[in-house]
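Dropping protein.cif in here (mmCIF, C-alpha atoms, pLDDT in the B column; chains and numbers go by the auth columns):
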```
data_start
#
loop_
_atom_site.group_PDB
_atom_site.id
_atom_site.type_symbol
_atom_site.label_atom_id
_atom_site.label_comp_id
_atom_site.label_asym_id
_atom_site.label_seq_id
_atom_site.Cartn_x
_atom_site.Cartn_y
_atom_site.Cartn_z
_atom_site.B_iso_or_equiv
_atom_site.auth_seq_id
_atom_site.auth_asym_id
ATOM 1 C CA MET A 1 -14.436 0.041 5.672 49.00 1 E
ATOM 2 C CA LEU A 2 -11.692 -2.315 6.888 46.00 2 E
ATOM 3 C CA GLY A 3 -11.395 -3.900 3.449 52.00 3 E
ATOM 4 C CA LYS A 4 -10.980 -0.477 1.875 48.00 4 E
ATOM 5 C CA TRP A 5 -8.084 0.608 4.001 48.00 5 E
ATOM 6 C CA VAL A 6 -6.497 -2.819 3.948 49.00 6 E
ATOM 7 C CA GLY A 7 -6.469 -2.577 0.165 54.00 7 E
ATOM 8 C CA MET A 8 -4.593 0.706 0.254 51.00 8 E
ATOM 9 C CA LEU A 9 -2.132 -0.659 2.761 54.00 9 E
ATOM 10 C CA ILE A 10 -1.493 -3.540 0.392 55.00 10 E
ATOM 11 C CA LEU A 11 -0.618 -1.148 -2.389 54.00 11 E
ATOM 12 C CA VAL A 12 1.895 0.567 -0.206 54.00 12 E
ATOM 13 C CA ALA A 13 3.283 -2.545 1.430 51.00 13 E
ATOM 14 C CA MET A 14 4.351 -3.960 -1.881 49.00 14 E
ATOM 15 C CA LEU A 15 6.636 -1.106 -2.672 47.00 15 E
ATOM 16 C CA VAL A 16 7.858 1.036 0.158 47.00 16 E
ATOM 17 C CA PRO A 17 11.482 0.879 1.196 47.00 17 E
ATOM 18 C CA MET A 18 12.439 -0.029 4.729 46.00 18 E
ATOM 19 C CA ALA A 19 13.334 2.870 6.981 47.00 19 E
ATOM 20 C CA HIS A 20 14.330 2.885 10.629 59.00 20 E
ATOM 21 C CA GLY A 21 13.252 5.104 13.474 76.00 21 E
ATOM 22 C CA VAL A 22 9.635 5.748 12.522 86.00 22 E
ATOM 23 C CA THR A 23 7.533 6.545 15.566 90.00 23 E
ATOM 24 C CA PRO A 24 4.122 4.991 16.237 90.00 24 E
ATOM 25 C CA SER A 25 2.588 8.437 15.772 91.00 25 E
ATOM 26 C CA GLU A 26 4.218 8.810 12.336 91.00 26 E
ATOM 27 C CA CYS A 27 2.982 5.354 11.344 88.00 27 E
ATOM 28 C CA LYS A 28 -0.550 6.214 12.410 88.00 28 E
ATOM 29 C CA THR A 29 -0.451 9.419 10.368 91.00 29 E
ATOM 30 C CA GLU A 30 0.851 7.544 7.311 88.00 30 E
ATOM 31 C CA LYS A 31 -1.920 4.943 7.540 84.00 31 E
ATOM 32 C CA ILE A 32 -4.610 7.607 7.922 87.00 32 E
ATOM 33 C CA ASN A 33 -3.246 9.546 4.944 89.00 33 E
ATOM 34 C CA LEU A 34 -3.137 6.419 2.791 84.00 34 E
ATOM 35 C CA VAL A 35 -6.687 5.459 3.688 81.00 35 E
ATOM 36 C CA ASN A 36 -8.069 8.929 3.081 89.00 36 E
ATOM 37 C CA ASN A 37 -6.116 9.817 -0.043 92.00 37 E
ATOM 38 C CA CYS A 38 -5.983 6.461 -1.834 87.00 38 E
ATOM 39 C CA ARG A 39 -9.468 5.052 -1.186 84.00 39 E
ATOM 40 C CA PRO A 40 -10.661 5.657 -4.809 89.00 40 E
ATOM 41 C CA VAL A 41 -8.120 3.083 -6.038 84.00 41 E
ATOM 42 C CA ILE A 42 -10.184 0.356 -4.379 79.00 42 E
ATOM 43 C CA PHE A 43 -13.093 1.400 -6.599 84.00 43 E
ATOM 44 C CA GLY A 44 -11.105 1.158 -9.832 83.00 44 E
ATOM 45 C CA ARG A 45 -9.812 4.713 -10.139 88.00 45 E
ATOM 46 C CA ASP A 46 -6.234 5.671 -10.781 89.00 46 E
ATOM 47 C CA PRO A 47 -4.308 7.056 -7.812 91.00 47 E
ATOM 48 C CA SER A 48 -4.318 10.827 -7.400 95.00 48 E
ATOM 49 C CA PRO A 49 -1.057 12.781 -7.153 96.00 49 E
ATOM 50 C CA VAL A 50 -1.606 13.064 -3.389 96.00 50 E
ATOM 51 C CA CYS A 51 -2.151 9.291 -3.110 93.00 51 E
ATOM 52 C CA CYS A 52 1.032 8.629 -5.078 94.00 52 E
ATOM 53 C CA GLN A 53 2.983 10.984 -2.816 94.00 53 E
ATOM 54 C CA ASN A 54 1.668 9.101 0.222 91.00 54 E
ATOM 55 C CA VAL A 55 2.678 5.808 -1.400 88.00 55 E
ATOM 56 C CA ARG A 56 6.193 7.113 -2.035 89.00 56 E
ATOM 57 C CA ASP A 57 6.528 8.481 1.509 87.00 57 E
ATOM 58 C CA ALA A 58 5.136 5.528 3.498 83.00 58 E
ATOM 59 C CA HIS A 59 7.371 3.185 5.516 84.00 59 E
ATOM 60 C CA ILE A 60 7.082 -0.579 5.232 76.00 60 E
ATOM 61 C CA GLU A 61 7.292 -1.110 8.977 80.00 61 E
ATOM 62 C CA CYS A 62 4.124 0.954 9.308 82.00 62 E
ATOM 63 C CA VAL A 63 2.192 -1.123 6.796 74.00 63 E
ATOM 64 C CA CYS A 64 3.330 -4.751 6.880 74.00 64 E
ATOM 65 C CA PRO A 65 2.068 -5.501 10.398 74.00 65 E
ATOM 66 C CA TYR A 66 -1.499 -4.975 9.141 67.00 66 E
ATOM 67 C CA LEU A 67 -1.383 -7.385 6.221 64.00 67 E
ATOM 68 C CA GLY A 68 -2.689 -10.924 6.361 64.00 68 E
ATOM 69 C CA SER A 69 -5.041 -13.303 4.574 66.00 69 E
ATOM 70 C CA LYS A 70 -7.901 -10.773 4.515 67.00 70 E
ATOM 71 C CA ALA A 71 -5.640 -8.250 2.798 68.00 71 E
ATOM 72 C CA ALA A 72 -4.553 -10.903 0.300 71.00 72 E
ATOM 73 C CA SER A 73 -8.201 -11.371 -0.667 76.00 73 E
ATOM 74 C CA VAL A 74 -8.584 -7.648 -1.283 72.00 74 E
ATOM 75 C CA ILE A 75 -5.520 -7.465 -3.505 75.00 75 E
ATOM 76 C CA ARG A 76 -6.651 -10.503 -5.482 78.00 76 E
ATOM 77 C CA GLY A 77 -9.938 -8.674 -6.046 80.00 77 E
ATOM 78 C CA ILE A 78 -8.122 -5.647 -7.449 79.00 78 E
ATOM 79 C CA GLY A 79 -5.718 -7.864 -9.369 81.00 79 E
ATOM 80 C CA VAL A 80 -2.025 -8.167 -8.595 79.00 80 E
ATOM 81 C CA PRO A 81 -0.900 -7.008 -12.071 83.00 81 E
ATOM 82 C CA ARG A 82 -3.081 -3.880 -11.753 84.00 82 E
ATOM 83 C CA VAL A 83 -1.771 -3.180 -8.259 80.00 83 E
ATOM 84 C CA VAL A 84 1.828 -3.476 -9.453 79.00 84 E
ATOM 85 C CA LYS A 85 1.070 -1.209 -12.423 86.00 85 E
ATOM 86 C CA LEU A 86 -0.523 1.397 -10.136 86.00 86 E
ATOM 87 C CA ILE A 87 2.421 1.319 -7.748 82.00 87 E
ATOM 88 C CA GLU A 88 4.912 1.677 -10.556 86.00 88 E
ATOM 89 C CA GLY A 89 2.765 4.494 -11.973 90.00 89 E
ATOM 90 C CA CYS A 90 3.334 6.308 -8.690 92.00 90 E
ATOM 91 C CA GLY A 91 7.071 6.188 -9.302 90.00 91 E
ATOM 92 C CA ARG A 92 7.986 3.137 -7.228 81.00 92 E
ATOM 93 C CA SER A 93 9.306 -0.178 -8.385 77.00 93 E
ATOM 94 C CA VAL A 94 8.015 -3.432 -6.981 73.00 94 E
ATOM 95 C CA PRO A 95 10.842 -5.867 -6.220 75.00 95 E
ATOM 96 C CA ARG A 96 10.378 -9.307 -7.708 74.00 96 E
ATOM 97 C CA ASN A 97 8.929 -11.819 -5.216 73.00 97 E
ATOM 98 C CA TYR A 98 8.599 -9.150 -2.541 70.00 98 E
ATOM 99 C CA LYS A 99 6.710 -10.337 0.536 70.00 99 E
ATOM 100 C CA CYS A 100 4.922 -8.337 3.197 68.00 100 E
ATOM 101 C CA GLY A 101 2.414 -10.057 5.425 57.00 101 E
ATOM 102 C CA SER A 102 1.050 -12.841 3.245 47.00 102 E
ATOM 103 C CA ILE A 103 1.381 -10.925 -0.027 44.00 103 E
ATOM 104 C CA THR A 104 3.707 -12.016 -2.817 44.00 104 E
ATOM 105 C CA THR A 105 4.175 -9.992 -5.986 41.00 105 E
ATOM 106 C CA PRO A 106 4.015 -11.784 -9.321 43.00 106 E
ATOM 107 C CA PRO A 107 7.232 -12.960 -10.995 42.00 107 E
#
```
Spell out the structure here as structure tokens.
Amino acid sequence: MLGKWVGMLILVAMLVPMAHGVTPSECKTEKINLVNNCRPVIFGRDPSPVCCQNVRDAHIECVCPYLGSKAASVIRGIGVPRVVKLIEGCGRSVPRNYKCGSITTPP
């Protein structure tokens, strides 16, 4: 279960813009929504419209604190190019060499 939600957090962490003033309660809600609505992506499916909306709405300060070496393993399993393509398919760009936790996007 942890690997599943870490994978979704990775997707979001690579793309969400920084915002200030997000409460811990809002962060918790964002993480729960991402886990619940984007789980199929971990199993090779494309993100649903609801998942993409959650990806666009999430805040980086809610996601980055949960990323580390375990999350990096999950994203490598999905494939960084596929993750970037999925994120961009949700209407977000992935900045070149963006880092969050221990994740680095491809050049």
Give me the result of the PyMOL selection byres ((chain E and resi 24-40) around 8) on this file, residue by residue, as an MDAnalysis selection string. chainID E and resid 4:5 8:9 22:23 41:48 50:51 54:55 58:59 62:63
Two-atom distance - CA of Gln53 (chain E), CA of Gly91 (chain E) (Å):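 Here the two named atoms are 9.0 Å from each other.
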I'd like the interatomic distance between CA of Ile87 (chain E) and CA of Gly21 (chain E), to a tenth of an Å.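 Interatomic distance, CA of Ile87 (chain E) to CA of Gly21 (chain E): 24.1 Å.
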For a test of reading the model, state the distance in Å between CA of Pro49 (chain E) and CA of Cys90 (chain E), rounded to one decimal.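 These atoms are spaced 8.0 Å apart.
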